[in-house]
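Engineer: Here you go, this is upload.tsv (TSV, C-alpha atoms and all ligand atoms).
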chain	number	residue	atom	x	y	z
A	1	MET	CA	-33.93	41.40	-57.73
A	2	ASP	CA	-32.50	41.77	-61.26
A	3	PHE	CA	-31.00	38.90	-63.27
A	4	ILE	CA	-27.36	39.78	-62.51
A	5	SER	CA	-28.03	40.00	-58.77
A	6	GLN	CA	-29.77	36.60	-58.90
A	7	GLN	CA	-26.79	35.06	-60.70
A	8	LEU	CA	-24.36	36.58	-58.20
A	9	GLN	CA	-26.42	35.26	-55.31
A	10	LYS	CA	-26.49	31.78	-56.90
A	11	GLN	CA	-22.73	31.91	-57.41
A	12	ASP	CA	-22.27	32.97	-53.83
A	13	GLU	CA	-24.46	30.10	-52.56
A	14	TYR	CA	-22.62	27.63	-54.78
A	15	HIS	CA	-19.29	28.90	-53.49
A	16	ARG	CA	-20.42	28.57	-49.85
A	17	LYS	CA	-21.72	25.02	-50.49
A	18	ASP	CA	-18.38	24.16	-52.11
A	19	GLN	CA	-16.54	25.49	-49.06
A	20	ARG	CA	-18.78	23.40	-46.77
A	21	ILE	CA	-18.00	20.26	-48.76
A	22	LYS	CA	-14.28	21.02	-48.46
A	23	ALA	CA	-14.67	21.64	-44.71
A	24	ASN	CA	-16.49	18.31	-44.38
A	25	ASP	CA	-13.71	16.60	-46.29
A	26	LYS	CA	-11.33	17.72	-43.55
A	27	GLN	CA	-13.67	16.11	-41.03
A	28	VAL	CA	-13.41	12.67	-42.67
A	29	ILE	CA	-13.08	10.00	-40.01
A	30	TYR	CA	-10.38	7.58	-41.01
A	31	THR	CA	-10.34	3.91	-39.99
A	32	ARG	CA	-7.52	1.47	-39.32
A	33	ASP	CA	-7.46	0.79	-43.08
A	34	HIS	CA	-6.05	4.29	-43.55
A	35	PHE	CA	-3.30	4.06	-40.88
A	36	ALA	CA	-0.57	3.29	-43.39
A	37	THR	CA	-1.23	6.43	-45.45
A	38	GLU	CA	-2.84	8.81	-42.95
A	39	PHE	CA	-0.85	8.28	-39.74
A	40	ASP	CA	1.58	11.19	-39.83
A	41	THR	CA	4.40	10.31	-37.44
A	42	ASN	CA	5.77	13.86	-37.08
A	43	ALA	CA	2.34	15.43	-36.63
A	44	TYR	CA	1.51	12.77	-34.01
A	45	LEU	CA	4.64	13.51	-32.00
A	46	THR	CA	4.08	17.26	-32.22
A	47	ASP	CA	0.39	16.97	-31.26
A	48	PHE	CA	0.86	14.75	-28.23
A	49	TYR	CA	4.42	14.97	-27.01
A	50	THR	CA	5.32	18.65	-27.20
A	51	LYS	CA	2.30	20.00	-25.27
A	52	ILE	CA	2.63	18.91	-21.70
A	53	ASP	CA	-1.07	19.62	-21.11
A	54	ASP	CA	-2.30	16.85	-23.42
A	55	PRO	CA	-4.55	14.64	-21.20
A	56	ALA	CA	-3.31	11.33	-22.67
A	57	MET	CA	0.35	12.22	-22.14
A	58	GLN	CA	-0.53	13.58	-18.68
A	59	LEU	CA	-2.26	10.31	-17.76
A	60	VAL	CA	0.68	8.11	-18.72
A	61	LEU	CA	3.46	10.32	-17.41
A	62	THR	CA	1.62	11.14	-14.19
A	63	PHE	CA	0.61	7.63	-13.16
A	64	LEU	CA	2.99	5.22	-14.94
A	65	PRO	CA	6.02	6.30	-12.83
A	66	SER	CA	4.15	5.38	-9.63
A	67	ILE	CA	3.31	1.93	-11.07
A	68	VAL	CA	6.93	1.42	-12.17
A	69	ALA	CA	8.17	2.36	-8.69
A	70	ARG	CA	6.00	-0.39	-7.14
A	71	LEU	CA	7.02	-3.18	-9.51
A	72	PRO	CA	10.00	-5.42	-8.75
A	73	HIS	CA	13.07	-4.93	-10.99
A	74	ARG	CA	12.57	-7.06	-14.10
A	75	LYS	CA	14.59	-8.19	-17.08
A	76	ARG	CA	12.55	-7.36	-20.20
A	77	LEU	CA	9.94	-4.80	-21.17
A	78	LEU	CA	8.00	-4.70	-24.43
A	79	ASP	CA	6.09	-1.53	-25.36
A	80	PHE	CA	3.49	-2.89	-27.79
A	81	GLY	CA	2.12	-0.31	-30.25
A	82	ALA	CA	4.73	2.19	-29.11
A	83	GLY	CA	4.08	4.32	-32.18
A	84	PRO	CA	7.01	6.72	-32.58
A	85	THR	CA	7.26	7.21	-28.79
A	86	VAL	CA	9.99	6.51	-26.25
A	87	HIS	CA	8.55	7.95	-23.04
A	88	VAL	CA	7.57	4.47	-21.79
A	89	ALA	CA	11.18	3.34	-22.27
A	90	ALA	CA	12.23	6.41	-20.26
A	91	CYS	CA	9.80	5.54	-17.43
A	92	PHE	CA	11.32	2.05	-17.12
A	93	ARG	CA	14.98	2.99	-17.70
A	94	ASN	CA	16.01	2.14	-14.12
A	95	ASN	CA	13.66	-0.78	-13.58
A	96	VAL	CA	14.38	-3.22	-16.40
A	97	ASP	CA	17.54	-4.45	-18.11
A	98	GLU	CA	16.20	-4.51	-21.65
A	99	VAL	CA	13.52	-2.52	-23.45
A	100	TYR	CA	11.96	-3.58	-26.77
A	101	LEU	CA	9.73	-1.25	-28.77
A	102	ALA	CA	7.22	-2.58	-31.28
A	103	ASP	CA	4.87	-0.94	-33.74
A	104	PHE	CA	2.71	-1.91	-36.71
A	105	LEU	CA	3.55	1.02	-38.98
A	106	PRO	CA	6.87	1.26	-40.84
A	107	GLN	CA	6.97	5.07	-40.52
A	108	ASN	CA	6.83	4.75	-36.73
A	109	ARG	CA	9.47	2.03	-36.57
A	110	GLU	CA	11.65	4.21	-38.80
A	111	GLU	CA	11.33	7.12	-36.35
A	112	LEU	CA	12.18	4.82	-33.43
A	113	LYS	CA	15.29	3.60	-35.25
A	114	LYS	CA	16.32	7.19	-35.96
A	115	TRP	CA	15.90	8.01	-32.28
A	116	LYS	CA	17.97	4.97	-31.27
A	117	ASN	CA	20.71	6.11	-33.69
A	118	LYS	CA	20.51	9.73	-32.47
A	119	GLU	CA	19.25	10.86	-35.87
A	120	SER	CA	15.74	11.96	-34.86
A	121	ASN	CA	14.84	15.65	-34.89
A	122	PHE	CA	12.14	15.26	-32.29
A	123	ASP	CA	12.80	16.95	-28.95
A	124	TRP	CA	11.59	14.82	-26.01
A	125	THR	CA	12.41	17.47	-23.39
A	126	ALA	CA	8.79	18.34	-22.50
A	127	ALA	CA	7.83	14.72	-21.81
A	128	LEU	CA	11.10	13.98	-20.01
A	129	ARG	CA	10.68	17.01	-17.74
A	130	LEU	CA	7.18	15.87	-16.85
A	131	LEU	CA	8.54	12.42	-16.02
A	132	LEU	CA	11.39	13.86	-13.93
A	133	SER	CA	8.90	16.04	-12.03
A	134	ARG	CA	6.87	12.93	-11.16
A	135	GLU	CA	10.04	11.20	-10.00
A	136	GLY	CA	10.98	14.22	-7.86
A	137	LYS	CA	14.15	14.77	-9.89
A	138	ASP	CA	15.84	17.80	-11.39
A	139	TRP	CA	15.10	18.85	-14.98
A	140	SER	CA	18.82	19.09	-15.64
A	141	LEU	CA	18.72	15.27	-15.86
A	142	ALA	CA	16.59	15.30	-19.05
A	143	LYS	CA	19.48	14.55	-21.43
A	144	SER	CA	21.00	11.79	-19.31
A	145	THR	CA	17.52	10.29	-18.77
A	146	GLU	CA	17.05	10.09	-22.55
A	147	GLU	CA	20.51	8.55	-22.92
A	148	ASP	CA	19.78	5.96	-20.24
A	149	ALA	CA	16.52	5.06	-22.01
A	150	ARG	CA	18.33	4.85	-25.37
A	151	ASN	CA	20.90	2.46	-23.94
A	152	LYS	CA	18.15	0.21	-22.58
A	153	VAL	CA	16.37	-0.07	-25.94
A	154	LYS	CA	17.76	-3.26	-27.47
A	155	ASP	CA	15.59	-3.68	-30.55
A	156	ILE	CA	12.59	-2.44	-32.50
A	157	PHE	CA	10.06	-4.93	-33.87
A	158	TYR	CA	6.99	-5.17	-36.10
A	159	CYS	CA	3.83	-6.03	-34.19
A	160	ASN	CA	0.21	-6.78	-35.04
A	161	CYS	CA	-2.36	-7.37	-32.32
A	162	PHE	CA	-4.43	-9.59	-34.64
A	163	GLU	CA	-1.62	-12.07	-35.20
A	164	ASN	CA	-0.34	-14.69	-32.81
A	165	PRO	CA	2.51	-14.35	-32.06
A	166	SER	CA	1.68	-10.64	-32.03
A	167	VAL	CA	5.29	-9.49	-32.19
A	168	LYS	CA	7.91	-10.45	-34.74
A	169	CYS	CA	10.90	-11.06	-32.51
A	170	PRO	CA	13.55	-13.78	-32.11
A	171	SER	CA	12.00	-17.02	-30.80
A	172	GLU	CA	13.95	-16.83	-27.52
A	173	LEU	CA	12.06	-13.64	-26.64
A	174	ARG	CA	8.62	-14.76	-27.76
A	175	GLY	CA	6.20	-14.90	-24.81
A	176	LYS	CA	9.11	-14.10	-22.47
A	177	PHE	CA	8.56	-10.43	-21.67
A	178	ASP	CA	8.39	-9.68	-17.94
A	179	VAL	CA	6.39	-6.53	-18.52
A	180	VAL	CA	4.30	-5.62	-21.57
A	181	THR	CA	2.81	-2.15	-21.91
A	182	SER	CA	0.30	-0.97	-24.48
A	183	PHE	CA	-1.09	2.55	-24.55
A	184	PHE	CA	-3.85	3.98	-26.73
A	185	THR	CA	-3.52	1.24	-29.31
A	186	LEU	CA	-5.99	-1.67	-29.17
A	187	GLU	CA	-9.17	0.46	-29.34
A	188	TYR	CA	-7.89	2.10	-32.54
A	189	CYS	CA	-7.06	-1.20	-34.21
A	190	SER	CA	-10.29	-3.05	-33.41
A	191	ASN	CA	-13.56	-2.71	-35.28
A	192	THR	CA	-15.57	-5.03	-33.03
A	193	LEU	CA	-15.60	-6.08	-29.37
A	194	ASP	CA	-14.64	-9.61	-30.41
A	195	GLU	CA	-11.59	-8.24	-32.23
A	196	TYR	CA	-10.62	-6.19	-29.16
A	197	ARG	CA	-10.89	-9.29	-26.94
A	198	THR	CA	-8.70	-11.27	-29.35
A	199	ALA	CA	-6.20	-8.40	-29.53
A	200	VAL	CA	-5.87	-8.23	-25.73
A	201	LYS	CA	-5.31	-12.00	-25.60
A	202	ASN	CA	-2.67	-11.89	-28.37
A	203	VAL	CA	-0.75	-9.10	-26.65
A	204	VAL	CA	-0.98	-10.62	-23.16
A	205	ASP	CA	0.35	-13.91	-24.62
A	206	GLN	CA	3.70	-12.11	-24.84
A	207	VAL	CA	3.83	-11.69	-21.03
A	208	ILE	CA	5.69	-14.38	-19.13
A	209	PRO	CA	3.57	-16.12	-16.42
A	210	GLY	CA	3.96	-14.05	-13.24
A	211	GLY	CA	4.82	-10.96	-15.31
A	212	TYR	CA	2.81	-7.76	-15.65
A	213	TYR	CA	0.59	-6.22	-18.30
A	214	ILE	CA	0.04	-2.48	-18.20
A	215	MET	CA	-2.53	-0.95	-20.54
A	216	GLY	CA	-3.93	2.53	-20.96
A	217	GLY	CA	-6.70	3.64	-23.29
A	218	ILE	CA	-9.89	5.50	-24.01
A	219	LEU	CA	-13.34	4.43	-22.76
A	220	GLU	CA	-16.77	5.09	-24.25
A	221	GLU	CA	-15.54	7.00	-27.28
A	222	THR	CA	-16.05	6.39	-31.00
A	223	TRP	CA	-13.36	8.61	-32.51
A	224	CYS	CA	-10.28	10.52	-31.56
A	225	SER	CA	-8.20	13.02	-33.46
A	226	PHE	CA	-4.45	13.04	-33.75
A	227	GLY	CA	-1.94	14.45	-36.16
A	228	GLY	CA	-4.67	16.72	-37.53
A	229	ARG	CA	-6.89	13.77	-38.52
A	230	LYS	CA	-9.81	11.94	-36.95
A	231	PHE	CA	-9.64	8.17	-36.52
A	232	THR	CA	-12.34	5.74	-35.42
A	233	CYS	CA	-12.02	4.27	-31.97
A	234	LEU	CA	-13.91	1.22	-30.66
A	235	TYR	CA	-16.51	2.05	-28.00
A	236	THR	CA	-15.63	0.03	-24.89
A	237	THR	CA	-16.65	0.15	-21.24
A	238	LYS	CA	-14.55	-0.42	-18.14
A	239	ASP	CA	-16.39	-3.67	-17.32
A	240	PHE	CA	-15.78	-5.02	-20.81
A	241	VAL	CA	-12.06	-4.19	-20.70
A	242	ILE	CA	-11.74	-5.89	-17.30
A	243	ASP	CA	-13.50	-8.97	-18.63
A	244	CYS	CA	-11.07	-9.12	-21.57
A	245	LEU	CA	-8.10	-8.86	-19.20
A	246	ARG	CA	-9.44	-11.71	-17.04
A	247	GLN	CA	-10.01	-13.91	-20.08
A	248	ALA	CA	-6.43	-13.23	-21.14
A	249	SER	CA	-5.13	-14.92	-17.93
A	250	LEU	CA	-4.56	-11.77	-15.88
A	251	GLU	CA	-5.40	-11.53	-12.19
A	252	VAL	CA	-7.93	-8.74	-11.91
A	253	ASP	CA	-9.37	-8.00	-8.50
A	254	ASP	CA	-9.67	-5.05	-6.14
A	255	GLU	CA	-6.75	-6.16	-3.95
A	256	LYS	CA	-4.12	-7.00	-6.54
A	257	THR	CA	-4.93	-4.79	-9.50
A	258	TYR	CA	-4.02	-1.18	-10.04
A	259	LEU	CA	-6.90	0.32	-12.00
A	260	MET	CA	-7.71	3.95	-12.41
A	261	GLU	CA	-10.18	5.82	-14.54
A	262	ILE	CA	-9.94	9.52	-15.20
A	263	ASN	CA	-11.40	11.88	-17.83
A	264	GLY	CA	-12.68	9.01	-20.01
A	265	MET	CA	-9.33	7.22	-19.94
A	266	PHE	CA	-8.11	4.23	-17.96
A	267	LEU	CA	-4.79	2.83	-16.81
A	268	VAL	CA	-4.50	-0.72	-15.52
A	269	CYS	CA	-1.65	-2.88	-14.26
A	270	ALA	CA	-2.37	-6.58	-13.70
A	271	LYS	CA	-0.24	-9.65	-13.02
A	272	LYS	CA	-0.40	-12.66	-15.30
A	273	ARG	CA	-1.40	-15.90	-13.62
A	274	GLU	CA	1.47	-18.30	-12.97
A	275	ASN	CA	-0.27	-21.24	-14.63
A	301	LIG	C1	-2.65	6.19	-31.09
A	301	LIG	S1	-1.16	5.35	-31.52
A	301	LIG	C2	-0.45	5.05	-29.90
A	301	LIG	C3	1.05	5.21	-29.86
A	301	LIG	C4	1.69	5.22	-28.46
A	301	LIG	N1	1.46	3.97	-27.75
A	301	LIG	C5	1.23	6.38	-27.63
A	301	LIG	O1	0.70	6.15	-26.53
A	301	LIG	O2	1.40	7.53	-28.03
A	301	LIG	C6	-1.78	3.79	-32.02
A	301	LIG	C7	-0.71	2.85	-32.55
A	301	LIG	O3	-1.31	1.61	-32.94
A	301	LIG	C8	-0.52	1.06	-33.96
A	301	LIG	N2	-1.27	0.01	-34.66
A	301	LIG	C9	-2.09	0.14	-35.72
A	301	LIG	N3	-2.56	-1.06	-36.10
A	301	LIG	C10	-2.02	-1.97	-35.27
A	301	LIG	C11	-2.12	-3.39	-35.15
A	301	LIG	N4	-2.89	-4.12	-35.96
A	301	LIG	N5	-1.43	-3.99	-34.17
A	301	LIG	C12	-0.67	-3.29	-33.32
A	301	LIG	N6	-0.53	-1.94	-33.38
A	301	LIG	C13	-1.20	-1.29	-34.35
A	301	LIG	C14	-0.22	2.26	-34.83
A	301	LIG	O4	0.90	2.01	-35.64
A	301	LIG	C15	0.01	3.36	-33.79
A	301	LIG	O5	1.36	3.53	-33.51
Re-express the file's structure as structure tokens.

Structural biologist:
Amino acid sequence: MDFISQQLQKQDEYHRKDQRIKANDKQVIYTRDHFATEFDTNAYLTDFYTKIDDPAMQLVLTFLPSIVARLPHRKRLLDFGAGPTVHVAACFRNNVDEVYLADFLPQNREELKKWKNKESNFDWTAALRLLLSREGKDWSLAKSTEEDARNKVKDIFYCNCFENPSVKCPSELRGKFDVVTSFFTLEYCSNTLDEYRTAVKNVVDQVIPGGYYIMGGILEETWCSFGGRKFTCLYTTKDFVIDCLRQASLEVDDEKTYLMEINGMFLVCAKKREN
């Protein structure tokens, strides 16, 4: 091999190495410390709520309507860690009088406010059609379903699962929510099992005694990608999650608790003890 060929080969190798480093950069796994800068609200909505085949959206919109149908009509729902999403509000539109949405990130609360004021560009049709299908209703009701949900949403709050109280709301609402939901949130916020346990307790503290806590999440996973980025996720098991729910004053047993596990995800609905 002559000198020029050697130099070209070296250049080529260097270029390929450079490309690999750039490719690895894209594979950076972000932590909760990067949420504020790396959580892209629009990309998140597009990734999860425009493709009706996304397993997480399928899980919630397939099984939540059947839980809602079995619960008694209640006054207040809080969706804790709602992100920029309103599909939970849509699921409960006929079963509660008031819906409150709460999220940690300002960009998500901003999107929720835009939606409430009819200024959002995001099209919820795909998710609403999936919900209507589960309810055995016609797709032509998508617009009125969204309107009904919008009218039920009374306020949008800041929340933080590591604070107690975990939601920044007027004192008359604090700890007075009849139903609290939280989907795909606590395992992304927690770095340790102890933190996760504390987070569950802080969120369940917002449920009124005799009310219900509904949670969905990922099991036995260490990362998850959304909005084109990878984020760390706390590795939990079903038994551990159940133990946390029990310690947070929820009744968890085979008879009374709705608990399902599918494709590495879980959905649970448990009643809070009266005393
Ligand atoms: C994966 S998103 C889930 C959003 C929505 N519940 C859904 O199912 O699509 C996780 C959410 O956790 C929120 N979050 C991050 N840190 C939090 C904290 N310390 N307390 C409560 N929520 C937090 C983020 O703002 C984000 O909206």

Engineer: Pick the closest to Glu261 of chain A from A:Ala127, A:Val60, A:Val167, A:Ala36: which is it, counting all atoms listed in the file?

Structural biologist: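 Using all atoms listed in the file, Glu261 of chain A sits closest to A:Val60.
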
Engineer: Using all atoms listed in the file, what does the table of chain A residues within 6 Å of ligand LIG 301 (chain A) look like, with each row giving the shortest atom pair and its distance in Å to one decimal, sorted by chain and ascending number, as CSV?

Structural biologist:
residue,atom,partner,partner_atom,distance
A:Gly81,CA,A:LIG301,N6,4.4
A:Ala82,CA,A:LIG301,N1,4.0
A:Gly83,CA,A:LIG301,O5,3.1
A:Thr85,CA,A:LIG301,O2,5.9
A:Asp103,CA,A:LIG301,O4,5.3
A:Phe104,CA,A:LIG301,O4,4.4
A:Leu105,CA,A:LIG301,O4,4.4
A:Cys159,CA,A:LIG301,C12,5.3
A:Asn160,CA,A:LIG301,N5,3.4
A:Cys161,CA,A:LIG301,N5,4.0
A:Phe162,CA,A:LIG301,N4,5.8
A:Phe183,CA,A:LIG301,N1,4.3
A:Phe184,CA,A:LIG301,C2,4.8
A:Thr185,CA,A:LIG301,C6,4.1
A:Cys189,CA,A:LIG301,N3,4.9

Engineer: Please provide the set of residues having any atom within 12 Å of Thr198 of chain A, restricted to all atoms listed in the file, with same-chain residues fewer than 6 positions apart removed, written as a short mmCIF file (atom, residue, chain, number, x, y, z; two decimals) with C-alpha atoms, in the frame of the given file.

Structural biologist:
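Final output, saved to part27.cif:
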data_model
loop_
_atom_site.label_atom_id
_atom_site.label_comp_id
_atom_site.auth_asym_id
_atom_site.auth_seq_id
_atom_site.Cartn_x
_atom_site.Cartn_y
_atom_site.Cartn_z
CA ASN A 160 0.21 -6.78 -35.04
CA CYS A 161 -2.36 -7.37 -32.32
CA PHE A 162 -4.43 -9.59 -34.64
CA GLU A 163 -1.62 -12.07 -35.20
CA ASN A 164 -0.34 -14.69 -32.81
CA PRO A 165 2.51 -14.35 -32.06
CA SER A 166 1.68 -10.64 -32.03
CA LEU A 186 -5.99 -1.67 -29.17
CA GLU A 187 -9.17 0.46 -29.34
CA CYS A 189 -7.06 -1.20 -34.21
CA SER A 190 -10.29 -3.05 -33.41
CA ASN A 191 -13.56 -2.71 -35.28
CA THR A 192 -15.57 -5.03 -33.03
CA VAL A 204 -0.98 -10.62 -23.16
CA ASP A 205 0.35 -13.91 -24.62
CA VAL A 241 -12.06 -4.19 -20.70
CA ASP A 243 -13.50 -8.97 -18.63
CA CYS A 244 -11.07 -9.12 -21.57
CA LEU A 245 -8.10 -8.86 -19.20
CA GLN A 247 -10.01 -13.91 -20.08
CA ALA A 248 -6.43 -13.23 -21.14
#

Engineer: Find, counting all atoms listed in the file, the residue in A:Ser120, A:Thr237, A:Leu250, A:Ala126 that gets nearest to Ile52 of chain A.

Structural biologist: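 Under the stated criterion, the closest residue is A:Ala126.
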
Engineer: Any idea what the distance is between atom CA of Arg109 of chain A and atom CA of Asn95 of chain A?

Structural biologist: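 Between atom CA of Arg109 of chain A and atom CA of Asn95 of chain A the gap is 23.5 Å.
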
Engineer: Please enclose the listed atoms of segment 189-202 of chain A in an axis-aligned box, pad each side by 4 Å, and write out the centre and the three edge lengths in Å, rounded to one decimal, as JSON.

Structural biologist:
{"center_x": -9.1, "center_y": -6.6, "center_z": -30.4, "size_x": 20.9, "size_y": 18.8, "size_z": 17.7}

Engineer: Atom CA of Tyr235 of chain A and atom CA of Phe48 of chain A are how many Å apart?

Structural biologist: 21.5 Å

Engineer: Choose the residue, out of A:Ala270, A:Cys224, A:Leu128, A:Val28, that has the smallest atom-to-atom separation from Gln58 of chain A; count all atoms listed in the file.

Structural biologist: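 Counting all atoms listed in the file, the residue closest to Gln58 of chain A is A:Leu128.
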
Engineer: Please list as a PyMOL selection string every residue within 9 Å of Leu59 of chain A, counting all atoms listed in the file and excluding residues in the same chain fewer than 6 positions away.

Structural biologist: chain A and resi 216+262+265-267

Engineer: What gap, in Å, lies between atom CA of Leu101 of chain A and atom CA of Val207 of chain A?

Structural biologist: 14.3 Å

Engineer: Within 8 Å of (-9.3, 15.2, -39.1) in the file's own coordinates, which protein, DNA or RNA residues have an atom, counting all atoms listed in the file? List them as JSON, numbers by chain.

Structural biologist: {"A": [26, 27, 28, 29, 30, 225, 226, 227, 228, 229, 230, 231]}

Engineer: Taking all atoms listed in the file into account, name the residue in A:His87, A:Asn94, A:Ser140, A:Leu78 that is nearest to Trp115 of chain A.

Structural biologist: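 Closest to Trp115 of chain A, using all atoms listed in the file: A:His87.
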
Engineer: So that each row is one residue of segment 78-135 of chain A with an atom at most 10 Å from segment 61-69 of chain A, can you give its shortest atom pair and the distance in Å to one decimal, using all atoms listed in the file, rows by chain and rising number, as a tab-separated table?

Structural biologist:
residue	atom	partner	partner_atom	distance
A:His87	CA	A:Leu61	CA	8.0
A:Val88	CA	A:Leu64	CA	8.3
A:Ala90	CA	A:Pro65	CA	9.7
A:Cys91	CA	A:Pro65	CA	6.0
A:Phe92	CA	A:Val68	CA	6.6
A:Arg93	CA	A:Val68	CA	9.9
A:Asn94	CA	A:Val68	CA	9.3
A:Asn95	CA	A:Val68	CA	7.2
A:Val96	CA	A:Val68	CA	9.7
A:Ala127	CA	A:Leu61	CA	7.6
A:Leu128	CA	A:Leu61	CA	8.9
A:Arg129	CA	A:Leu61	CA	9.8
A:Leu130	CA	A:Leu61	CA	6.7
A:Leu131	CA	A:Leu61	CA	5.7
A:Leu132	CA	A:Pro65	CA	9.3
A:Ser133	CA	A:Thr62	CA	9.0
A:Arg134	CA	A:Thr62	CA	6.3
A:Glu135	CA	A:Pro65	CA	6.9

Engineer: Compile a residue-level contact table for segment 46-93 of chain A against segment 169-177 of chain A at a cut-off of 9 Å, reporting for every qualifying residue the shortest atom pair and its distance in Å to one decimal, with only C-alpha atoms counted, rows ordered by chain and ascending number, as a Markdown table.

Structural biologist:
| residue | atom | partner | partner_atom | distance |
| --- | --- | --- | --- | --- |
| A:Lys75 | CA | A:Phe177 | CA | 7.9 |
| A:Arg76 | CA | A:Phe177 | CA | 5.2 |
| A:Leu77 | CA | A:Phe177 | CA | 5.8 |
| A:Leu78 | CA | A:Phe177 | CA | 6.4 |
